Amino acid sequence: MGLSDTPAKSLDKFIEDHLLPNEEFRTQVKEAIDIICTFLKERCFRCAPHRVRVSKVVKGGSSGKGTTLRGRSDADLVVFFTNLTSFQEQLERRGEFIEEIRRQLEACQREETFEVKFEVRRWENPRVLSFVLRSPKLNQAVEFDVLPAFDALGQLTKGYRPDPNIYVKLIQECEKLGKKGEFSPCFTELQRDFLKSRPTKLKNLIRLVKHWYQQCKEQLGKPLPPQYALELLTVYAWEQGCKETGFITAQGFQTVLELVLKYQKLCIYWKRNYNSENPIIEEYLTRQLAKPRPVILDPADPTGNVAGGDLYSWQRLAQAALVWLDYPCFKKWDGSPVGSWDVSPQEHSDLMFQAYGFRQRYRSSPRTQLYAGAPPQMEENWTCTIL
């Protein structure tokens, strides 16, 4: 039975049976990551023409966040170099580091003492090196994306909060270079921790939303909004509508799809790592939040609108969501809707108030907004909700 045919009451079992990675799979991916991490830290740059030091290798992506789907064996590794001293230098030198990693991977294939076989493939985007790792120890191949990065945060400790000056520097360099969101790998640890510490059931809901997204992707093809935007939208739905460790999965799932229908009103950000206390960050955030919808700011990087700027991709996903909302996974045993949480598509904040100079309320039906050519008019007298 596929997801579309699964009754609402059986969604938790569907996740357990089909989406959660089993222990063997987790062990396989961990072994593959250990192989590559050891290679990057201890061996890769020892023969480089210039002394290159790796300060740390951080596991990102779904593996790092704890939201991996069964059967999707991919891993993101961000390599932080002490040799990179600024965001601009990362932009200028990353191609050099990627080429050296590629060269060393190819050399390792030819060494008998190195058991792992690599299928290195060149990636169009020079910010990342993608390859497939195969090994006699592994039952299946594991896909890797390796990204070189400037170590802007240094060593993180428990309860770490970034120095606002780090974001000031990021904003200034991004504006100078015209590269908004380009340096998000530098903040991988914050992205990872934003999701990793969440309740298990919320992470399972994220898995369900990702599985739905992948099904839409297979059926519709591109373009679609970035998957990361759907992950953050799921966290936002839970924070605003539930915040309980135990909840009805079908209601959370329906809430996320209804927010997708309201894509023309999405304006979301978090204050966990950056806020309006610094005047430069405040002014920048105000401009970010005033941009055309949808806006979902990366909780680790205020320069990155992970919702993207392609309204057509959101419209396509919203059309799919509208069809899905009539499927059994959103119905009770008697055929009535499971219902959803009461969640606004906007993160109302003091910055929003400063940016627009008025307040609003949004509670109209998502179905009536799907094909609207322009966002509905603002109304007065809404209640401010601050995370």
# chains A, B, ... in the order shown; residues from 1 in each chain; ligands from 1
call {"tool": "select_by_dssp", "arguments": {"residues": "segment 51-265 of chain A", "states": "strand (DSSP E or B)", "output": "MDAnalysis selection string"}}
result
chainID A and resid 54:60 74:81 117:121 129:134 142:150
call {"tool": "write_last_selection", "arguments": {"atoms": "N, CA, C and O atoms", "output": "short mmCIF file (atom, residue, chain, number, x, y, z; two decimals), in the first residue's frame"}}
result
data_model
loop_
_atom_site.label_atom_id
_atom_site.label_comp_id
_atom_site.auth_asym_id
_atom_site.auth_seq_id
_atom_site.Cartn_x
_atom_site.Cartn_y
_atom_site.Cartn_z
N VAL A 54 42.96 20.95 7.52
CA VAL A 54 41.53 20.76 7.72
C VAL A 54 41.24 20.92 9.21
O VAL A 54 41.76 20.17 10.03
N SER A 55 40.42 21.89 9.57
CA SER A 55 40.11 22.11 10.99
C SER A 55 39.04 21.15 11.48
O SER A 55 39.07 20.70 12.63
N LYS A 56 38.09 20.79 10.61
CA LYS A 56 37.05 19.84 10.99
C LYS A 56 36.28 19.43 9.74
O LYS A 56 36.28 20.13 8.73
N VAL A 57 35.65 18.26 9.83
CA VAL A 57 34.75 17.78 8.78
C VAL A 57 33.40 17.54 9.44
O VAL A 57 33.31 16.80 10.41
N VAL A 58 32.36 18.19 8.91
CA VAL A 58 31.04 18.14 9.54
C VAL A 58 30.06 17.42 8.63
O VAL A 58 29.96 17.73 7.44
N LYS A 59 29.34 16.47 9.23
CA LYS A 59 28.31 15.75 8.49
C LYS A 59 27.04 16.58 8.47
O LYS A 59 26.48 16.94 9.50
N GLY A 60 26.58 16.92 7.27
CA GLY A 60 25.35 17.69 7.12
C GLY A 60 24.28 16.87 6.43
O GLY A 60 24.31 15.63 6.44
N ASP A 74 22.75 8.94 0.87
CA ASP A 74 23.54 10.09 0.47
C ASP A 74 24.05 10.79 1.72
O ASP A 74 23.46 10.68 2.79
N ALA A 75 25.15 11.48 1.57
CA ALA A 75 25.76 12.17 2.71
C ALA A 75 26.41 13.46 2.24
O ALA A 75 27.05 13.49 1.18
N ASP A 76 26.21 14.53 3.00
CA ASP A 76 26.88 15.80 2.74
C ASP A 76 27.98 15.98 3.78
O ASP A 76 27.74 15.84 4.98
N LEU A 77 29.18 16.26 3.30
CA LEU A 77 30.31 16.53 4.20
C LEU A 77 30.87 17.90 3.87
O LEU A 77 31.24 18.18 2.73
N VAL A 78 30.94 18.75 4.89
CA VAL A 78 31.52 20.08 4.73
C VAL A 78 32.90 20.06 5.36
O VAL A 78 33.06 19.72 6.53
N VAL A 79 33.91 20.40 4.56
CA VAL A 79 35.31 20.39 5.01
C VAL A 79 35.72 21.82 5.31
O VAL A 79 35.72 22.68 4.42
N PHE A 80 36.07 22.09 6.55
CA PHE A 80 36.47 23.43 6.97
C PHE A 80 38.00 23.52 6.98
O PHE A 80 38.68 22.65 7.53
N PHE A 81 38.50 24.58 6.36
CA PHE A 81 39.94 24.77 6.21
C PHE A 81 40.42 25.98 7.01
O PHE A 81 39.80 27.05 6.95
N LYS A 117 36.50 1.78 -3.64
CA LYS A 117 36.53 2.17 -5.05
C LYS A 117 35.62 3.37 -5.25
O LYS A 117 34.49 3.39 -4.78
N PHE A 118 36.12 4.34 -5.98
CA PHE A 118 35.38 5.58 -6.19
C PHE A 118 34.97 5.71 -7.65
O PHE A 118 35.73 5.35 -8.55
N GLU A 119 33.79 6.20 -7.85
CA GLU A 119 33.37 6.64 -9.17
C GLU A 119 33.21 8.15 -9.09
O GLU A 119 32.18 8.64 -8.64
N VAL A 120 34.24 8.86 -9.45
CA VAL A 120 34.23 10.31 -9.32
C VAL A 120 33.53 10.90 -10.53
O VAL A 120 33.85 10.57 -11.66
N ARG A 121 32.57 11.79 -10.27
CA ARG A 121 31.93 12.46 -11.38
C ARG A 121 32.01 13.97 -11.18
O ARG A 121 31.83 14.46 -10.08
N LEU A 129 31.81 18.92 -4.75
CA LEU A 129 32.32 17.75 -5.46
C LEU A 129 31.42 16.57 -5.13
O LEU A 129 31.27 16.20 -3.96
N SER A 130 30.81 15.97 -6.14
CA SER A 130 29.92 14.82 -5.93
C SER A 130 30.59 13.56 -6.44
O SER A 130 31.23 13.58 -7.49
N PHE A 131 30.45 12.47 -5.70
CA PHE A 131 31.00 11.20 -6.14
C PHE A 131 30.24 10.06 -5.47
O PHE A 131 29.48 10.26 -4.52
N VAL A 132 30.45 8.87 -5.99
CA VAL A 132 29.82 7.66 -5.45
C VAL A 132 30.91 6.77 -4.88
O VAL A 132 31.92 6.51 -5.53
N LEU A 133 30.71 6.30 -3.65
CA LEU A 133 31.68 5.45 -2.98
C LEU A 133 31.17 4.01 -2.99
O LEU A 133 30.04 3.75 -2.62
N ARG A 134 32.04 3.11 -3.43
CA ARG A 134 31.74 1.68 -3.38
C ARG A 134 32.85 0.98 -2.62
O ARG A 134 34.01 1.34 -2.75
N VAL A 142 27.19 4.63 -1.80
CA VAL A 142 26.78 5.80 -1.05
C VAL A 142 27.22 7.04 -1.82
O VAL A 142 28.38 7.16 -2.21
N GLU A 143 26.28 7.94 -2.06
CA GLU A 143 26.57 9.17 -2.78
C GLU A 143 27.03 10.24 -1.80
O GLU A 143 26.46 10.41 -0.73
N PHE A 144 28.07 10.97 -2.20
CA PHE A 144 28.63 12.02 -1.37
C PHE A 144 28.63 13.36 -2.10
O PHE A 144 28.87 13.42 -3.30
N ASP A 145 28.37 14.41 -1.34
CA ASP A 145 28.64 15.79 -1.75
C ASP A 145 29.64 16.34 -0.74
O ASP A 145 29.36 16.37 0.46
N VAL A 146 30.80 16.77 -1.22
CA VAL A 146 31.82 17.34 -0.35
C VAL A 146 31.98 18.82 -0.71
O VAL A 146 32.16 19.17 -1.88
N LEU A 147 31.89 19.67 0.31
CA LEU A 147 31.95 21.11 0.09
C LEU A 147 33.05 21.73 0.95
O LEU A 147 33.06 21.54 2.17
N PRO A 148 33.98 22.46 0.36
CA PRO A 148 34.96 23.20 1.15
C PRO A 148 34.33 24.47 1.72
O PRO A 148 33.48 25.08 1.08
N ALA A 149 34.75 24.87 2.93
CA ALA A 149 34.12 26.03 3.55
C ALA A 149 35.09 26.76 4.48
O ALA A 149 36.01 26.17 5.05
N PHE A 150 34.84 28.05 4.62
CA PHE A 150 35.53 28.92 5.57
C PHE A 150 34.96 28.64 6.96
O PHE A 150 33.75 28.61 7.17
#
call {"tool": "residues_around", "arguments": {"residues": "segment 296-313 of chain A", "least_positions_apart": "2", "cutoff": "7 Å", "atoms": "only C-alpha atoms", "output": "list in words"}}
result
Ile171, Lys180, Gly181, Ser184, Phe187, Leu190, Gln191, Pro223, Leu224, Pro225, Pro226, Tyr228, Ala229, Cys267, Ile268, Tyr269, Trp270, Asn273, Pro294, Gln315, Arg316 and Leu317 of chain A
call {"tool": "select_by_dssp", "arguments": {"residues": "segment 100-333 of chain A", "states": "alpha helix (DSSP H)", "output": "ChimeraX atom specification"}}
result
/A:100-109,164-177,188-196,200-220,227-241,249-261,279-289,311-324
call {"tool": "atom_distance", "arguments": {"atom1": "atom CA of Gly221 of chain A", "atom2": "atom CA of Val343 of chain A"}}
result
28.9 Å
call {"tool": "residues_around", "arguments": {"residues": "His211 of chain A", "least_positions_apart": "5", "cutoff": "10 Å", "atoms": "only C-alpha atoms", "output": "PyMOL selection string"}}
result
chain A and resi 3+15+18-19+69-70+205-206+216-217
call {"tool": "write_last_selection", "arguments": {"atoms": "C-alpha atoms", "output": "mmCIF file, in the first residue's frame"}}
result
data_model
loop_
_atom_site.group_PDB
_atom_site.id
_atom_site.type_symbol
_atom_site.label_atom_id
_atom_site.label_comp_id
_atom_site.auth_asym_id
_atom_site.auth_seq_id
_atom_site.Cartn_x
_atom_site.Cartn_y
_atom_site.Cartn_z
ATOM 1 C CA LEU A 3 1.213 6.607 0.888
ATOM 2 C CA ILE A 15 6.639 5.660 8.442
ATOM 3 C CA HIS A 18 8.750 2.149 4.858
ATOM 4 C CA LEU A 19 10.619 5.342 5.759
ATOM 5 C CA LEU A 69 14.860 8.185 4.437
ATOM 6 C CA ARG A 70 15.307 4.442 4.040
ATOM 7 C CA LEU A 205 6.808 13.897 10.129
ATOM 8 C CA ILE A 206 9.669 15.540 8.219
ATOM 9 C CA CYS A 216 5.707 14.642 -6.414
ATOM 10 C CA LYS A 217 9.168 15.055 -7.918
#
call {"tool": "residues_around", "arguments": {"residues": "Lys332 of chain A", "least_positions_apart": "2", "cutoff": "12 Å", "atoms": "only C-alpha atoms", "output": "list in words"}}
result
Thr6, Pro7, Ala8, Lys9, Ser10, Leu11, Ile248, Ala250, Gln251, Asp326, Tyr327, Pro328, Cys329, Phe330, Asp334, Gly335, Ser336, Pro337, Val338 and Gly339 of chain A
call {"tool": "closest_residue", "arguments": {"among": "A:Leu259, A:Leu202, A:Ala290, A:Ile35", "to": "Lys65 of chain A", "atoms": "only C-alpha atoms"}}
result
A:Leu202
call {"tool": "atom_distance", "arguments": {"atom1": "atom CA of Tyr167 of chain A", "atom2": "atom CA of Ser197 of chain A"}}
result
22.9 Å
call {"tool": "closest_residue", "arguments": {"among": "A:Lys41, A:Arg53, A:Lys262, A:Lys176", "to": "Asn83 of chain A", "atoms": "only C-alpha atoms"}}
result
A:Arg53
call {"tool": "atom_distance", "arguments": {"atom1": "atom CA of Lys222 of chain A", "atom2": "atom CA of Phe183 of chain A"}}
result
24.4 Å
call {"tool": "closest_residue", "arguments": {"among": "A:Glu92, A:Glu239, A:Glu231, A:Asp151", "to": "Ile166 of chain A", "atoms": "only C-alpha atoms"}}
result
A:Asp151
call {"tool": "closest_residue", "arguments": {"among": "A:Ile280, A:Ala141, A:Leu153, A:Leu208", "to": "Cys186 of chain A", "atoms": "only C-alpha atoms"}}
result
A:Leu153
call {"tool": "closest_residue", "arguments": {"among": "A:Phe253, A:Trp324, A:Phe39, A:Trp333", "to": "Gly241 of chain A", "atoms": "only C-alpha atoms"}}
result
A:Phe253
